[in-house]
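K.L.:
One structure follows; several queries about it will come next.
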Amino acid sequence: MLDPRLIRNELATVVKALAARGFQLDEGHLQTLEEQRKAIQARTQELQAERNSKSKNIGKAKAQGEDIQPMLDEVADLGDKLKAAEAELNALQDELNNILMGIPNLPHESVPAGKNEQDNQELRRWGEPRSFDFEVKDHVDLGEQLGQMDFETAAKITGSRFVVMNSGLARMHRALIQFMLDLHSNEHGYTETYVPYVVNADSLRGTGQLPKFEEDLFKLNAEQEYYLIPTAEVPVTNIVRDTIIDASYLPRKFVCHTPCFRSEAGSYGRDTRGMIRQHQFEKVELVQVVKAEDSYNALEQLTANAEEVLKRLQLPYRVMALCAGDMGFSAAKTYDLEVWIPSQNTYREISSCSNFEAFQARRMQARWRNPETGKPELAHTLNGSGLAVGRTLVAIMENYQNKDGSITVPTVLQNYMGGMEIINI
RNA sequence: GGAGAGCUGGCUGAGUGGUCGAAAGCGGCGGUCUUGAAAACCGUUGAGGGUUAAACCUCCGGGGGUUCGAAUCCCUCGCUCUCCGCCA
């Protein structure tokens, strides 16, 4: 959520900044509502003040044994008037709030202009894509030939966009999770965290998935309004919802492995083959809660932490600065890490690292107490994948494939796989 | 599943219809004392909105109701705890 005062006081600037990311804000409508709100709020508060003072007087008079009937007559219709005013105010505030909750974050000044992924800016590359002296296979062919990756069985059990794995691939999948958790908790200073995979609507509103993106989520058909998490970002960031954090606890850095569940509504026909886009996938997520002044340094750090995973796995990648039009709803700035996928002869997203500034913190009232002023201030939140496990597995399979269809195990993973050096039939 | 108790400021916790945004303690901040620190003592200290500043308004788990007036009474939902039952 944007700062309502910013919207009130600098509406034109906000409208312009939102246009940069392709969002049309109905300026006139908002202004009209805001003016009405102001007027009705003032009137409501006057009525409330009148009620408070008159009630107080009645109390005093009664205590002194005076006849209070005339005073009661005087306030007879005040209650109804007040109730009507409050109802009107509530309706207006709900409407304004709905609009506010649907407005995306403003892009940071350093974010490149642009409409879509064509306009993203490549910042740097690491590693040299390997040249193969045989025809490369994609991970689906490799996995099925190994007999360790089975999409048909998964489709029988559930439906499309799921996978069954076993043996070496299943183990490497697990090894990746352990490796990433260890790296970030032991070397990068993150606190390993375990969280619920089912969350309530408040949590999803806090991080920005609701109210606008409900169709991307799996909603449980339960008595409570519960959803499967689309990313660990939701439960982990909401750890600080409705709290005032002591300054000495900042920055807070969490690393958390969870499965992620996405309905992928609206992505029909995209990446239908293989493990690139699944309804269920594992991800190791990095989340930071920091002071406002630190958040852009934290974004660089968090991105570097995610990059380190790719470096240790010796996977070639590039770093993209997303343009304003390609960024997610809540982000002020986003770097995507894209890993080299030989079968597609291109780089594909494997991590997305974003600074949300105070956008999520304002929605979830996540604050810290500034000792200099003694006042609570909104925190800044960030997160990034470190990394998406399924896609990492895909990248390893394809980049480390051998002519005979076996897959060499990256050195850093061998200890996590009981010394296994190669995956074959 | 059944019965009961509770949810109050950063934290603990008092408050059962009016002068309560709310005692007390802890913690925080400022000061006295001290070479410095600790201890002790004194003062100060909830959040949000509003205003040049004030006035004023809202908030005692969420929502609704009763009342001139609600932290306090009623309804409802959520959560926590205790006991019983059931299951692992």
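Every chain in the structure tokens takes a letter, A first, then B, and so on in the order presented; its residues are numbered from 1, and the ligands are numbered from 1 following the presented order.
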As a PyMOL selection string, please: every residue in range 353-422 of chain A that DSSP puts in alpha helix (DSSP H).

P.N.:
chain A and resi 359-364+389-399+411-414

K.L.:
Output C-alpha atoms for every residue in the selection just made, as a CSV table (one decimal), in the first residue's frame.

P.N.:
chain,number,residue,atom,x,y,z
A,359,PHE,CA,4.8,-1.2,0.6
A,360,GLN,CA,4.3,-4.5,2.4
A,361,ALA,CA,5.2,-3.1,5.8
A,362,ARG,CA,2.4,-0.5,5.6
A,363,ARG,CA,-0.1,-3.2,4.7
A,364,MET,CA,0.9,-5.4,7.6
A,389,VAL,CA,14.8,-25.6,-6.4
A,390,GLY,CA,13.0,-27.3,-9.3
A,391,ARG,CA,14.5,-24.9,-11.8
A,392,THR,CA,17.9,-25.3,-10.3
A,393,LEU,CA,17.5,-29.1,-10.7
A,394,VAL,CA,16.6,-28.5,-14.3
A,395,ALA,CA,19.6,-26.3,-14.9
A,396,ILE,CA,22.0,-28.8,-13.3
A,397,MET,CA,20.6,-31.7,-15.3
A,398,GLU,CA,20.9,-29.8,-18.6
A,399,ASN,CA,24.3,-28.1,-17.9
A,411,THR,CA,31.1,-31.0,-6.5
A,412,VAL,CA,29.4,-29.0,-3.8
A,413,LEU,CA,26.4,-31.3,-3.8
A,414,GLN,CA,28.4,-34.6,-3.6

K.L.:
Residues of chain B were defined as contacting chain A if any atom lay at most 12 Å from it, counting only C-alpha atoms (C1' of nucleotides); please report them as a count of residues only.

P.N.:
24

K.L.:
So that I can check the surroundings of Leu286 in chain A, please list as a ChimeraX atom specification every protein, DNA and RNA residue that reaches within 12 Å of it, counting only C-alpha atoms (C1' of nucleotides) and ignoring chain neighbours fewer than 5 positions away.

P.N.:
/A:180-181,183-185,188-193,231-234,236-237,252-258,298-299,301-306,351-355,381-388

K.L.:
Give me the residues near G85 in chain B as a ChimeraX atom specification, where near means some atom within 12 Å (using only C-alpha atoms (C1' of nucleotides)) and where sequence neighbours in that chain fewer than 6 positions away do not count.

P.N.:
/B:1-3

K.L.:
Output N, CA, C and O atoms (P, O5', C5', C4', C3', O3' and C1' of nucleotides) for every residue in that selection, as a PDB file, in the first residue's frame.

P.N.:
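Heads up, here's the output in result_0.pdb:
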ATOM      1  P     G B   1     -14.649 -30.250  17.013  1.00  0.00           P
ATOM      2  O5'   G B   1     -15.438 -31.384  17.744  1.00  0.00           O
ATOM      3  C5'   G B   1     -16.844 -31.604  17.603  1.00  0.00           C
ATOM      4  C4'   G B   1     -17.244 -32.482  18.742  1.00  0.00           C
ATOM      5  C3'   G B   1     -17.477 -31.758  20.063  1.00  0.00           C
ATOM      6  O3'   G B   1     -18.759 -31.178  20.134  1.00  0.00           O
ATOM      7  C1'   G B   1     -16.097 -33.644  20.442  1.00  0.00           C
ATOM      8  P     G B   2     -18.983 -29.851  20.991  1.00  0.00           P
ATOM      9  O5'   G B   2     -18.925 -30.373  22.492  1.00  0.00           O
ATOM     10  C5'   G B   2     -20.006 -31.125  23.031  1.00  0.00           C
ATOM     11  C4'   G B   2     -19.749 -31.430  24.482  1.00  0.00           C
ATOM     12  C3'   G B   2     -19.495 -30.216  25.366  1.00  0.00           C
ATOM     13  O3'   G B   2     -20.682 -29.565  25.761  1.00  0.00           O
ATOM     14  C1'   G B   2     -17.850 -31.836  25.805  1.00  0.00           C
ATOM     15  P     A B   3     -20.663 -27.977  26.041  1.00  0.00           P
ATOM     16  O5'   A B   3     -19.851 -27.866  27.410  1.00  0.00           O
ATOM     17  C5'   A B   3     -20.416 -28.364  28.611  1.00  0.00           C
ATOM     18  C4'   A B   3     -19.443 -28.185  29.750  1.00  0.00           C
ATOM     19  C3'   A B   3     -18.900 -26.784  29.959  1.00  0.00           C
ATOM     20  O3'   A B   3     -19.819 -25.905  30.592  1.00  0.00           O
ATOM     21  C1'   A B   3     -17.123 -28.307  30.078  1.00  0.00           C
TER      22        A B   3
END

K.L.:
Find the spatial neighbours of range 329-332 of chain A, counting only C-alpha atoms (C1' of nucleotides), within a cut-off of 6 Å - ignore same-chain residues fewer than 4 positions away - and output them as a PDB file with N, CA and C atoms, in the first residue's frame.

P.N.:
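Dumped to selection.pdb:
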ATOM      1  N   PRO A 104      -0.509  -0.592  -7.230  1.00  0.00           N
ATOM      2  CA  PRO A 104       0.815  -1.209  -7.077  1.00  0.00           C
ATOM      3  C   PRO A 104       1.843  -0.211  -6.528  1.00  0.00           C
ATOM      4  N   ASN A 105       2.991  -0.733  -6.181  1.00  0.00           N
ATOM      5  CA  ASN A 105       4.053   0.109  -5.627  1.00  0.00           C
ATOM      6  C   ASN A 105       4.632   1.036  -6.700  1.00  0.00           C
ATOM      7  N   LEU A 106       5.244   2.109  -6.257  1.00  0.00           N
ATOM      8  CA  LEU A 106       5.909   3.026  -7.182  1.00  0.00           C
ATOM      9  C   LEU A 106       7.314   2.506  -7.471  1.00  0.00           C
ATOM     10  N   PRO A 107       7.722   2.515  -8.739  1.00  0.00           N
ATOM     11  CA  PRO A 107       9.078   2.061  -9.054  1.00  0.00           C
ATOM     12  C   PRO A 107      10.118   3.025  -8.484  1.00  0.00           C
ATOM     13  N   HIS A 108      11.206   2.483  -8.006  1.00  0.00           N
ATOM     14  CA  HIS A 108      12.327   3.299  -7.538  1.00  0.00           C
ATOM     15  C   HIS A 108      12.919   4.067  -8.715  1.00  0.00           C
ATOM     16  N   SER A 354      13.627  -8.707  -4.679  1.00  0.00           N
ATOM     17  CA  SER A 354      12.937  -7.425  -4.714  1.00  0.00           C
ATOM     18  C   SER A 354      13.039  -6.669  -3.407  1.00  0.00           C
ATOM     19  N   ASN A 355      13.060  -5.352  -3.540  1.00  0.00           N
ATOM     20  CA  ASN A 355      12.886  -4.461  -2.400  1.00  0.00           C
ATOM     21  C   ASN A 355      11.461  -3.921  -2.490  1.00  0.00           C
ATOM     22  N   PHE A 356      10.699  -4.122  -1.440  1.00  0.00           N
ATOM     23  CA  PHE A 356       9.317  -3.652  -1.422  1.00  0.00           C
ATOM     24  C   PHE A 356       9.191  -2.321  -0.706  1.00  0.00           C
TER      25      PHE A 356
END
